[in-house]
file run.txt (compact mmCIF, C-alpha atoms and all ligand atoms)
# COMPACT_ATOMS: atom_id res chain seq x y z
CA MET M 1 190.14 43.91 -70.83
CA LEU M 2 189.49 40.56 -69.17
CA THR M 3 191.45 39.00 -66.34
CA GLU M 4 192.23 35.29 -66.17
CA ALA M 5 188.95 34.70 -64.37
CA GLY M 6 187.13 36.30 -67.28
CA GLU M 7 186.23 39.37 -65.22
CA ASP M 8 186.08 42.85 -66.59
CA ALA M 9 189.31 44.38 -65.24
CA ALA M 10 187.50 47.52 -64.15
CA THR M 11 185.28 45.54 -61.79
CA VAL M 12 186.55 45.44 -58.20
CA ILE M 13 183.58 43.79 -56.54
CA ARG M 14 181.03 41.66 -58.27
CA LEU M 15 177.83 40.73 -56.48
CA GLU M 16 176.26 37.62 -58.02
CA ASN M 17 172.62 36.82 -57.26
CA ILE M 18 172.88 37.71 -53.59
CA THR M 19 170.02 36.85 -51.27
CA LYS M 20 169.72 37.40 -47.51
CA ARG M 21 166.84 36.25 -45.34
CA PHE M 22 166.13 37.04 -41.69
CA GLY M 23 163.46 34.49 -40.76
CA ALA M 24 160.40 35.32 -42.86
CA ILE M 25 161.89 38.59 -44.14
CA THR M 26 163.93 38.59 -47.34
CA ALA M 27 166.09 41.68 -46.78
CA VAL M 28 168.05 41.30 -50.05
CA LYS M 29 166.54 39.53 -53.08
CA ASP M 30 168.76 38.14 -55.81
CA ILE M 31 170.88 41.26 -56.35
CA SER M 32 173.64 41.34 -58.96
CA LEU M 33 175.88 44.41 -59.26
CA ASN M 34 179.39 45.29 -60.42
CA LEU M 35 181.29 47.88 -58.38
CA LYS M 36 184.06 49.41 -60.43
CA GLU M 37 187.60 50.59 -59.86
CA ASN M 38 187.81 54.15 -58.53
CA GLU M 39 184.05 54.61 -58.49
CA PHE M 40 181.83 56.50 -56.07
CA PHE M 41 178.84 54.18 -55.77
CA ALA M 42 175.69 54.91 -53.75
CA LEU M 43 173.12 52.45 -52.41
CA LEU M 44 169.96 54.52 -52.12
CA GLY M 45 166.45 53.70 -51.02
CA PRO M 46 163.76 54.08 -48.37
CA SER M 47 164.19 52.79 -44.83
CA GLY M 48 164.22 49.00 -44.62
CA CYS M 49 164.94 48.36 -48.33
CA GLY M 50 168.11 46.35 -47.52
CA LYS M 51 170.93 48.86 -48.09
CA THR M 52 172.74 48.26 -44.80
CA THR M 53 172.34 44.49 -45.07
CA LEU M 54 173.97 44.55 -48.50
CA LEU M 55 176.85 46.68 -47.19
CA ARG M 56 177.35 44.37 -44.19
CA MET M 57 177.48 41.33 -46.50
CA ILE M 58 180.25 42.97 -48.55
CA ALA M 59 182.15 43.77 -45.34
CA GLY M 60 181.71 40.18 -44.13
CA PHE M 61 179.56 40.91 -41.07
CA GLU M 62 176.55 39.14 -42.52
CA SER M 63 176.44 35.72 -44.22
CA LEU M 64 174.71 35.07 -47.54
CA ASN M 65 171.80 32.68 -48.09
CA LYS M 66 172.50 32.57 -51.80
CA GLY M 67 174.95 34.02 -54.31
CA ARG M 68 178.61 35.00 -54.33
CA ILE M 69 180.72 38.10 -53.75
CA LEU M 70 183.86 38.26 -55.89
CA LEU M 71 186.74 40.63 -55.23
CA ASP M 72 189.08 40.95 -58.19
CA GLY M 73 187.44 37.80 -59.53
CA LYS M 74 187.87 35.68 -56.38
CA ASP M 75 185.11 34.54 -54.04
CA ILE M 76 185.65 36.26 -50.67
CA ALA M 77 183.35 33.99 -48.67
CA PRO M 78 186.30 32.29 -46.87
CA LEU M 79 187.77 35.63 -45.77
CA ARG M 80 186.84 36.97 -42.32
CA PRO M 81 185.99 40.72 -42.20
CA ASN M 82 189.46 41.76 -40.98
CA ARG M 83 191.10 39.75 -43.78
CA ARG M 84 189.18 41.56 -46.52
CA PRO M 85 190.85 44.55 -48.18
CA ILE M 86 187.60 46.33 -47.47
CA ASN M 87 186.95 48.86 -44.72
CA LEU M 88 183.57 49.71 -43.22
CA MET M 89 183.22 53.17 -41.69
CA PHE M 90 180.54 53.28 -39.04
CA GLN M 91 178.03 56.07 -38.64
CA SER M 92 179.18 56.78 -35.06
CA PHE M 93 182.82 57.21 -36.25
CA ALA M 94 183.91 55.12 -33.18
CA LEU M 95 187.02 57.23 -32.47
CA PHE M 96 189.16 56.51 -29.40
CA PRO M 97 188.43 59.53 -27.14
CA HIS M 98 191.64 59.36 -25.08
CA MET M 99 193.93 59.23 -28.13
CA SER M 100 195.15 62.10 -30.32
CA VAL M 101 194.11 62.40 -33.94
CA ARG M 102 197.51 61.03 -35.02
CA ALA M 103 197.23 58.07 -32.65
CA ASN M 104 193.68 57.35 -33.82
CA VAL M 105 194.85 57.31 -37.43
CA SER M 106 198.05 55.29 -36.70
CA TYR M 107 196.34 52.63 -34.62
CA GLY M 108 195.12 50.34 -37.41
CA LEU M 109 198.48 50.38 -39.18
CA GLU M 110 200.36 49.65 -35.93
CA MET M 111 198.07 46.67 -35.38
CA GLU M 112 199.21 45.43 -38.78
CA GLY M 113 202.83 45.75 -37.69
CA VAL M 114 203.69 48.89 -39.66
CA ARG M 115 206.39 50.86 -37.77
CA GLY M 116 208.98 53.64 -37.99
CA GLU M 117 209.42 55.75 -41.12
CA GLU M 118 206.77 53.93 -43.14
CA LEU M 119 204.17 54.46 -40.41
CA LYS M 120 205.02 58.15 -40.12
CA ALA M 121 205.01 58.70 -43.88
CA ARG M 122 201.67 56.99 -44.46
CA VAL M 123 199.97 58.77 -41.55
CA ASP M 124 201.43 62.16 -42.59
CA ARG M 125 200.19 61.65 -46.12
CA ILE M 126 196.62 60.81 -45.13
CA LEU M 127 196.47 63.62 -42.53
CA GLU M 128 197.42 65.99 -45.30
CA THR M 129 194.86 64.57 -47.75
CA THR M 130 192.11 64.91 -45.15
CA GLN M 131 193.37 68.39 -44.14
CA LEU M 132 194.03 67.35 -40.54
CA THR M 133 197.76 68.02 -40.24
CA GLU M 134 197.29 71.01 -37.94
CA TYR M 135 194.93 69.03 -35.66
CA ALA M 136 197.19 65.97 -35.33
CA SER M 137 197.81 66.36 -31.61
CA ARG M 138 194.23 67.21 -30.61
CA LYS M 139 191.82 64.75 -28.98
CA PRO M 140 188.45 64.00 -30.68
CA ASP M 141 186.46 66.12 -28.21
CA GLN M 142 188.54 69.16 -29.23
CA LEU M 143 187.30 68.87 -32.82
CA SER M 144 184.17 69.94 -34.71
CA GLY M 145 181.75 67.35 -36.11
CA GLY M 146 183.18 67.73 -39.60
CA GLN M 147 186.75 67.33 -38.35
CA ARG M 148 185.82 64.18 -36.39
CA GLN M 149 184.25 62.87 -39.57
CA ARG M 150 187.52 63.47 -41.39
CA VAL M 151 189.48 61.63 -38.68
CA ALA M 152 187.21 58.61 -39.13
CA LEU M 153 187.82 58.78 -42.86
CA ALA M 154 191.58 59.17 -42.42
CA ARG M 155 191.62 56.15 -40.14
CA ALA M 156 189.78 54.05 -42.71
CA LEU M 157 191.80 55.29 -45.69
CA VAL M 158 195.26 55.01 -44.15
CA LYS M 159 195.04 51.23 -44.47
CA GLU M 160 194.66 51.69 -48.24
CA PRO M 161 191.72 49.34 -48.69
CA ARG M 162 190.53 48.39 -52.19
CA VAL M 163 187.03 49.46 -51.20
CA LEU M 164 185.69 51.78 -48.50
CA LEU M 165 182.13 51.16 -47.34
CA LEU M 166 180.34 54.06 -45.64
CA ASP M 167 177.01 53.62 -43.86
CA GLU M 168 175.13 56.95 -43.77
CA PRO M 169 178.46 58.76 -43.25
CA LEU M 170 176.96 62.23 -43.00
CA ALA M 171 173.83 61.48 -40.96
CA ALA M 172 175.25 62.90 -37.71
CA LEU M 173 176.09 66.28 -39.25
CA ASP M 174 173.85 69.34 -39.53
CA LYS M 175 172.53 70.38 -42.95
CA LYS M 176 175.15 72.98 -43.84
CA LEU M 177 178.09 70.83 -42.80
CA ARG M 178 176.55 67.83 -44.54
CA GLU M 179 176.40 69.72 -47.83
CA HIS M 180 180.03 70.78 -47.41
CA MET M 181 181.14 67.25 -46.55
CA GLN M 182 179.33 65.79 -49.58
CA LEU M 183 181.70 67.71 -51.83
CA GLU M 184 184.61 66.99 -49.51
CA LEU M 185 183.95 63.23 -49.65
CA LYS M 186 183.75 63.37 -53.43
CA ARG M 187 187.06 65.27 -53.61
CA LEU M 188 188.69 62.81 -51.24
CA GLN M 189 187.48 59.79 -53.19
CA HIS M 190 188.81 61.31 -56.37
CA GLU M 191 192.16 62.03 -54.73
CA VAL M 192 192.76 58.63 -53.15
CA GLY M 193 191.28 56.70 -56.10
CA ILE M 194 189.67 54.06 -53.87
CA THR M 195 186.18 52.68 -54.65
CA PHE M 196 183.65 54.19 -52.22
CA VAL M 197 180.28 52.56 -51.55
CA VAL M 198 177.96 54.85 -49.61
CA VAL M 199 174.61 53.93 -48.08
CA THR M 200 172.14 56.80 -47.92
CA HIS M 201 168.39 57.37 -47.90
CA ASP M 202 168.88 60.96 -49.05
CA GLN M 203 168.45 61.20 -52.82
CA GLU M 204 169.99 64.65 -53.02
CA GLU M 205 173.10 63.40 -51.26
CA ALA M 206 173.39 60.46 -53.67
CA LEU M 207 172.88 62.71 -56.70
CA VAL M 208 175.58 65.15 -55.55
CA MET M 209 178.22 62.57 -54.63
CA ALA M 210 177.86 59.42 -56.67
CA ASP M 211 179.09 58.37 -60.10
CA ARG M 212 176.45 55.63 -60.07
CA ILE M 213 173.44 54.94 -57.88
CA ALA M 214 171.60 51.69 -57.22
CA LEU M 215 168.08 52.63 -56.16
CA MET M 216 166.58 49.87 -54.02
CA ARG M 217 163.11 48.92 -52.88
CA ASP M 218 162.03 45.87 -50.85
CA GLY M 219 165.41 44.15 -51.19
CA GLU M 220 165.68 44.66 -54.95
CA VAL M 221 167.60 47.06 -57.17
CA LYS M 222 164.96 48.88 -59.22
CA GLN M 223 167.45 50.84 -61.33
CA CYS M 224 171.22 51.26 -61.34
CA ALA M 225 172.54 54.22 -63.33
CA SER M 226 174.32 57.57 -63.23
CA PRO M 227 172.56 60.44 -61.42
CA ALA M 228 171.71 62.14 -64.74
CA GLU M 229 170.33 58.90 -66.20
CA LEU M 230 168.17 58.24 -63.11
CA TYR M 231 166.84 61.80 -63.21
CA GLU M 232 166.21 61.99 -66.95
CA HIS M 233 165.31 58.37 -67.71
CA PRO M 234 163.73 56.73 -64.66
CA ASN M 235 162.45 53.27 -65.59
CA SER M 236 159.39 53.30 -63.34
CA ARG M 237 157.09 55.50 -61.34
CA PHE M 238 158.85 54.49 -58.12
CA VAL M 239 162.24 55.69 -59.40
CA ALA M 240 160.78 58.88 -60.91
CA ASP M 241 159.06 59.66 -57.62
CA PHE M 242 162.07 58.94 -55.41
CA ILE M 243 164.55 61.04 -57.40
CA GLY M 244 163.74 64.76 -57.41
CA VAL M 245 160.24 66.19 -57.82
CA MET M 246 157.95 64.78 -60.50
CA ASN M 247 154.37 65.47 -61.63
CA PHE M 248 152.29 62.39 -62.38
CA LEU M 249 149.06 62.21 -64.34
CA ASP M 250 147.47 58.77 -64.14
CA GLY M 251 145.63 57.27 -67.06
CA GLU M 252 145.51 54.56 -69.67
CA VAL M 253 147.96 54.08 -72.50
CA SER M 254 146.44 54.83 -75.91
CA VAL M 255 148.02 54.77 -79.36
CA GLU M 256 148.96 58.47 -79.16
CA GLY M 257 149.91 58.80 -75.49
CA VAL M 258 148.14 58.54 -72.12
CA ALA M 259 144.40 59.18 -71.87
CA VAL M 260 143.85 61.05 -68.60
CA GLN M 261 140.37 61.52 -67.17
CA GLY M 262 139.12 65.05 -67.81
CA LEU M 263 142.31 66.10 -69.65
CA GLY M 264 142.26 64.08 -72.84
CA VAL M 265 145.22 62.36 -74.44
CA LEU M 266 148.62 63.72 -73.33
CA THR M 267 151.92 62.89 -74.99
CA GLY M 268 155.34 61.91 -73.70
CA ARG M 269 158.23 59.61 -74.58
CA SER M 270 157.64 55.91 -74.09
CA ASN M 271 160.48 53.60 -73.03
CA GLY M 272 158.65 50.62 -74.52
CA ASP M 273 157.57 49.16 -71.16
CA THR M 274 153.89 49.95 -71.63
CA ARG M 275 151.26 48.69 -74.05
CA THR M 276 147.96 50.12 -75.25
CA GLY M 277 145.35 49.64 -72.55
CA ASP M 278 147.85 49.45 -69.64
CA ARG M 279 147.44 51.64 -66.59
CA ALA M 280 150.33 54.11 -66.71
CA CYS M 281 151.29 57.62 -65.81
CA LEU M 282 152.56 60.57 -67.69
CA ALA M 283 155.51 62.02 -65.75
CA VAL M 284 156.91 65.49 -66.24
CA ARG M 285 159.46 67.45 -64.18
CA PRO M 286 158.38 70.85 -62.79
CA GLU M 287 161.21 72.65 -64.61
CA ARG M 288 160.01 71.20 -67.95
CA LEU M 289 156.64 72.97 -67.74
CA THR M 290 156.00 76.35 -69.34
CA VAL M 291 153.36 78.57 -67.71
CA ALA M 292 151.69 81.63 -69.22
CA PRO M 293 148.65 83.70 -68.28
CA SER M 294 145.44 82.65 -70.06
CA SER M 295 145.23 86.14 -71.50
CA ALA M 296 148.59 85.73 -73.28
CA GLU M 297 148.98 84.20 -76.73
CA ARG M 298 148.18 80.47 -76.85
CA LEU M 299 151.26 78.33 -76.10
CA THR M 300 152.47 76.28 -79.07
CA HIS M 301 153.70 73.25 -77.06
CA ASP M 302 152.60 69.71 -78.01
CA ASN M 303 150.48 69.62 -74.83
CA VAL M 304 148.67 72.64 -73.41
CA LEU M 305 146.26 72.49 -70.46
CA ASP M 306 144.20 75.24 -68.84
CA GLY M 307 144.29 75.60 -65.10
CA THR M 308 144.11 77.81 -62.04
CA LEU M 309 146.97 78.83 -59.77
CA THR M 310 146.22 77.45 -56.32
CA ASP M 311 149.52 78.19 -54.58
CA ILE M 312 152.83 79.91 -55.09
CA ALA M 313 155.89 78.68 -53.17
CA TYR M 314 159.08 80.71 -53.01
CA HIS M 315 162.36 78.74 -52.97
CA GLY M 316 164.84 81.61 -53.19
CA GLN M 317 165.94 81.73 -56.80
CA ASP M 318 163.02 79.53 -57.95
CA ILE M 319 159.25 79.84 -57.70
CA GLY M 320 156.93 76.82 -57.49
CA LEU M 321 153.55 77.34 -59.13
CA HIS M 322 150.80 74.89 -58.14
CA ILE M 323 148.26 74.63 -60.92
CA ALA M 324 144.93 72.80 -60.68
CA VAL M 325 144.08 71.28 -64.05
CA GLY M 326 141.03 69.32 -65.24
CA ASP M 327 138.04 68.33 -63.15
CA ALA M 328 139.52 65.41 -61.18
CA GLY M 329 141.57 67.53 -58.78
CA GLN M 330 144.92 66.98 -60.52
CA VAL M 331 147.59 69.52 -59.56
CA LEU M 332 150.78 70.17 -61.51
CA ILE M 333 153.79 71.88 -59.97
CA ALA M 334 155.82 74.09 -62.28
CA ARG M 335 159.16 75.59 -61.35
CA LEU M 336 160.43 78.79 -62.84
CA SER M 337 163.34 81.00 -62.18
CA ALA M 338 162.35 83.95 -59.99
CA ALA M 339 164.29 86.11 -62.45
CA ALA M 340 162.22 84.92 -65.46
CA GLU M 341 160.15 87.54 -67.24
CA GLY M 342 156.67 87.84 -65.71
CA ALA M 343 157.45 85.38 -62.86
CA ALA M 344 156.67 87.98 -60.20
CA ASP M 345 153.29 88.80 -61.78
CA PHE M 346 151.56 85.46 -61.06
CA LYS M 347 148.93 85.56 -58.30
CA VAL M 348 146.94 82.80 -56.62
CA GLY M 349 143.59 82.51 -58.43
CA ASP M 350 145.00 83.45 -61.87
CA THR M 351 143.86 81.34 -64.77
CA VAL M 352 146.87 80.04 -66.67
CA GLN M 353 147.92 77.75 -69.48
CA VAL M 354 150.59 75.14 -68.85
CA GLY M 355 152.44 73.38 -71.63
CA TRP M 356 155.18 70.85 -72.36
CA GLN M 357 156.77 69.18 -75.33
CA THR M 358 156.38 65.44 -75.93
CA GLN M 359 160.12 64.80 -75.55
CA ASN M 360 160.10 66.38 -72.07
CA ALA M 361 157.58 63.97 -70.53
CA LEU M 362 157.76 60.22 -69.93
CA ILE M 363 155.16 57.47 -70.12
CA LEU M 364 155.92 55.12 -67.23
CA PRO M 365 154.37 51.85 -66.09
CA ASP M 366 152.46 52.35 -62.87
CA ASP M 367 154.32 50.27 -60.27
CA SER M 368 153.14 52.33 -57.30
CA LYS M 369 150.94 49.58 -55.92
CA THR M 370 153.21 46.58 -56.49
N1 LIG D 401 169.50 41.17 -37.80
C1 LIG D 401 168.26 41.26 -38.33
N2 LIG D 401 167.28 40.43 -37.94
C2 LIG D 401 166.04 40.50 -38.49
N3 LIG D 401 165.69 41.36 -39.46
C3 LIG D 401 166.63 42.22 -39.89
C4 LIG D 401 167.96 42.22 -39.35
N4 LIG D 401 168.68 43.18 -40.00
C5 LIG D 401 167.82 43.76 -40.88
N5 LIG D 401 166.60 43.19 -40.81
C6 LIG D 401 165.44 43.51 -41.67
O1 LIG D 401 165.84 43.47 -43.01
C7 LIG D 401 165.27 44.55 -43.76
C8 LIG D 401 166.36 45.39 -44.39
O2 LIG D 401 167.07 46.08 -43.34
P1 LIG D 401 168.30 47.07 -43.63
O3 LIG D 401 168.82 47.54 -42.32
O4 LIG D 401 169.24 46.42 -44.54
O5 LIG D 401 167.56 48.26 -44.39
P2 LIG D 401 168.08 49.72 -44.73
O6 LIG D 401 167.66 49.95 -46.13
O7 LIG D 401 169.53 49.84 -44.42
O8 LIG D 401 167.22 50.62 -43.76
P3 LIG D 401 167.62 51.96 -42.95
O9 LIG D 401 167.78 53.04 -43.99
O10 LIG D 401 166.40 52.18 -42.10
O11 LIG D 401 168.85 51.66 -42.19
C9 LIG D 401 164.37 45.29 -42.80
O12 LIG D 401 163.06 44.81 -42.94
C10 LIG D 401 164.94 44.93 -41.44
O13 LIG D 401 163.95 45.01 -40.45

call {"tool": "encode", "arguments": {"input": "run.txt", "output": "structure tokens", "more": "lines below"}}
Ligand SMILES: Nc1ncnc2c1ncn2[C@@H]1O[C@H](COP(=O)(O)OP(=O)(O)OP(=O)(O)O)[C@@H](O)[C@H]1O
result
Amino acid sequence: MLTEAGEDAATVIRLENITKRFGAITAVKDISLNLKENEFFALLGPSGCGKTTLLRMIAGFESLNKGRILLDGKDIAPLRPNRRPINLMFQSFALFPHMSVRANVSYGLEMEGVRGEELKARVDRILETTQLTEYASRKPDQLSGGQRQRVALARALVKEPRVLLLDEPLAALDKKLREHMQLELKRLQHEVGITFVVVTHDQEEALVMADRIALMRDGEVKQCASPAELYEHPNSRFVADFIGVMNFLDGEVSVEGVAVQGLGVLTGRSNGDTRTGDRACLAVRPERLTVAPSSAERLTHDNVLDGTLTDIAYHGQDIGLHIAVGDAGQVLIARLSAAAEGAADFKVGDTVQVGWQTQNALILPDDSKT
């Protein structure tokens, strides 16, 4: 469905060719993205790639050198930050320490002139959604880190913005609480139906929470897709390396696959971005590898290499097997379930065979040095 402005109705915010420079540094380079209605969107990438700058431009705290930001099809450049139906939640939460939870949550609405029954009803509703009703009269220092986090969220959500921007919202929390709050944030977003845009450098966090992820590097979006798409179909070595664990074997593209020094030609799926003769890598996830002792029957996979177990890492329910293959020092990591038959029998020094099917590996252009 198109609106009068010709926009896709599901798009809330449209970033059009946005560029931001700080002196000689281009923090954001010509980025175009559509953020959709009721979507949990993550901006992910290494430190300094421009995530926070992009978020601050949407909030209105940073000007643009080039491009436009449209909200519901209208350019928001003339709107000051407090006039945008967009809320930015800061990492520090910035709660008022001398005010109760209820007063902290009410404050923004009171500033907008909301009073009486409407004020009470809206605050009650959001306290309930964020499971804070029983803490309403406490002060921030009488709350746990996770509860303070929820107060900050309640305060941002009570104003019913079209979009909530969150800059590393879980960075201040310890690991266990962070994992709990990832699911909590996702539940909350689903319940309130507001578009969330989260900045994070933690790929696991983005994979758990987001409907879509824009993975950035050096001010550019390298790939924007669902978590499953990014994991299964990364478009470059950088993306494959950033998301999850990946094995890479470097070589040269040949007609049949990738010719790797000392290992011969190995096969994988090509996404069409490489040509015969190009430098490229064959990428395969640890859980896609099958490992068997050399003494067992020969594996029937499309690719089978011989190697030696150099290390075994226990990860609770999984085991990581490090396997040296070929004569150029390449090591593959395979992951198997600790409960799998024979998994407990592997020992460092064993000679093994490791195999994978063509459809379970990818041939990716080597962008690691660009
Ligand atoms: N006000 C500023 N003045 C000069 N350079 C800046 C300014 N703000 C950001 N930068 C630079 O712009 C680039 C992008 O910074 P930004 O904070 O957006 O990255 P980030 O991806 O959010 O990083 P982090 O995860 O470390 O917060 C960096 O090189 C940074 O040093």

call {"tool": "closest_residue", "arguments": {"input": "run.txt", "among": "M:Ala214, M:Val101, M:Val123, M:Leu71", "to": "ligand LIG 401 (chain D)", "atoms": "all atoms listed in the file"}}
result
M:Ala214

call {"tool": "residues_around", "arguments": {"input": "run.txt", "residues": "range 20-36 of chain M", "least_positions_apart": "5", "cutoff": "10 Å", "atoms": "all atoms listed in the file", "output": "PyMOL selection string"}}
result
chain M and resi 8-15+41+48-54+57+62-71+163+194-197+212+214+216-221+224

call {"tool": "closest_residue", "arguments": {"input": "run.txt", "among": "M:Gly116, M:Pro169, M:Gly108, M:Pro161", "to": "ligand LIG 401 (chain D)", "atoms": "only C-alpha atoms and all ligand atoms"}}
result
M:Pro169

call {"tool": "residues_around", "arguments": {"input": "run.txt", "residues": "range 184-191 of chain M", "least_positions_apart": "5", "cutoff": "12 Å", "atoms": "only C-alpha atoms", "output": "ChimeraX atom specification"}}
result
/M:37-42,125-131,146-147,149-150,152-154,157,160,162-166,169-170,177-179,196-198,205-211

call {"tool": "closest_residue", "arguments": {"input": "run.txt", "among": "M:Ala228, M:Ala361, M:Ile86, M:Val352", "to": "Ser295 in chain M", "atoms": "only C-alpha atoms"}}
result
M:Val352

call {"tool": "atom_distance", "arguments": {"input": "run.txt", "atom1": "CA of Gly251 in chain M", "atom2": "CA of Asn360 in chain M"}}
result
17.8 Å

call {"tool": "residues_around", "arguments": {"input": "run.txt", "residues": "range 334-342 of chain M", "least_positions_apart": "4", "cutoff": "8 Å", "atoms": "only C-alpha atoms", "output": "PyMOL selection string"}}
result
chain M and resi 285-291+316-323+346

call {"tool": "atom_distance", "arguments": {"input": "run.txt", "atom1": "CA of Asp75 in chain M", "atom2": "CA of Gly60 in chain M"}}
result
11.9 Å

call {"tool": "decode", "arguments": {"input": "run.txt", "residues": "range 350-368 of chain M", "atoms": "N, CA and C atoms", "output": "compact mmCIF listing (two decimals), in the first residue's frame"}}
result
# COMPACT_ATOMS: atom_id res chain seq x y z
N ASP M 350 44.41 -37.56 17.76
CA ASP M 350 43.74 -38.51 16.87
C ASP M 350 43.82 -38.04 15.42
N THR M 351 43.95 -38.97 14.51
CA THR M 351 43.79 -38.59 13.10
C THR M 351 42.32 -38.79 12.74
N VAL M 352 41.78 -37.80 12.05
CA VAL M 352 40.34 -37.81 11.76
C VAL M 352 40.08 -37.43 10.30
N GLN M 353 38.86 -37.66 9.87
CA GLN M 353 38.40 -37.15 8.58
C GLN M 353 37.29 -36.15 8.88
N VAL M 354 37.27 -35.08 8.10
CA VAL M 354 36.26 -34.04 8.31
C VAL M 354 35.60 -33.76 6.96
N GLY M 355 34.27 -33.76 6.98
CA GLY M 355 33.57 -33.62 5.70
C GLY M 355 32.42 -32.64 5.75
N TRP M 356 32.05 -32.12 4.57
CA TRP M 356 30.86 -31.28 4.46
C TRP M 356 30.29 -31.37 3.05
N GLN M 357 29.02 -31.09 2.96
CA GLN M 357 28.34 -31.09 1.66
C GLN M 357 28.47 -29.72 1.01
N THR M 358 28.46 -29.71 -0.31
CA THR M 358 28.61 -28.46 -1.06
C THR M 358 27.61 -27.39 -0.60
N GLN M 359 26.34 -27.81 -0.40
CA GLN M 359 25.31 -26.81 -0.08
C GLN M 359 25.49 -26.20 1.32
N ASN M 360 26.35 -26.79 2.14
CA ASN M 360 26.56 -26.28 3.49
C ASN M 360 27.78 -25.36 3.63
N ALA M 361 28.43 -25.05 2.52
CA ALA M 361 29.56 -24.13 2.56
C ALA M 361 29.30 -23.00 1.56
N LEU M 362 29.96 -21.87 1.77
CA LEU M 362 29.76 -20.70 0.90
C LEU M 362 31.08 -20.28 0.28
N ILE M 363 31.02 -19.80 -0.95
CA ILE M 363 32.20 -19.20 -1.57
C ILE M 363 31.98 -17.69 -1.50
N LEU M 364 32.86 -17.01 -0.74
CA LEU M 364 32.66 -15.58 -0.50
C LEU M 364 33.84 -14.76 -1.03
N PRO M 365 33.54 -13.57 -1.57
CA PRO M 365 34.64 -12.69 -1.97
C PRO M 365 35.45 -12.31 -0.72
N ASP M 366 36.74 -12.22 -0.90
CA ASP M 366 37.59 -11.87 0.24
C ASP M 366 37.67 -10.35 0.38
N ASP M 367 36.90 -9.81 1.33
CA ASP M 367 36.92 -8.36 1.56
C ASP M 367 37.64 -8.02 2.85
N SER M 368 38.44 -8.97 3.37
CA SER M 368 39.04 -8.76 4.68
C SER M 368 40.08 -7.65 4.68
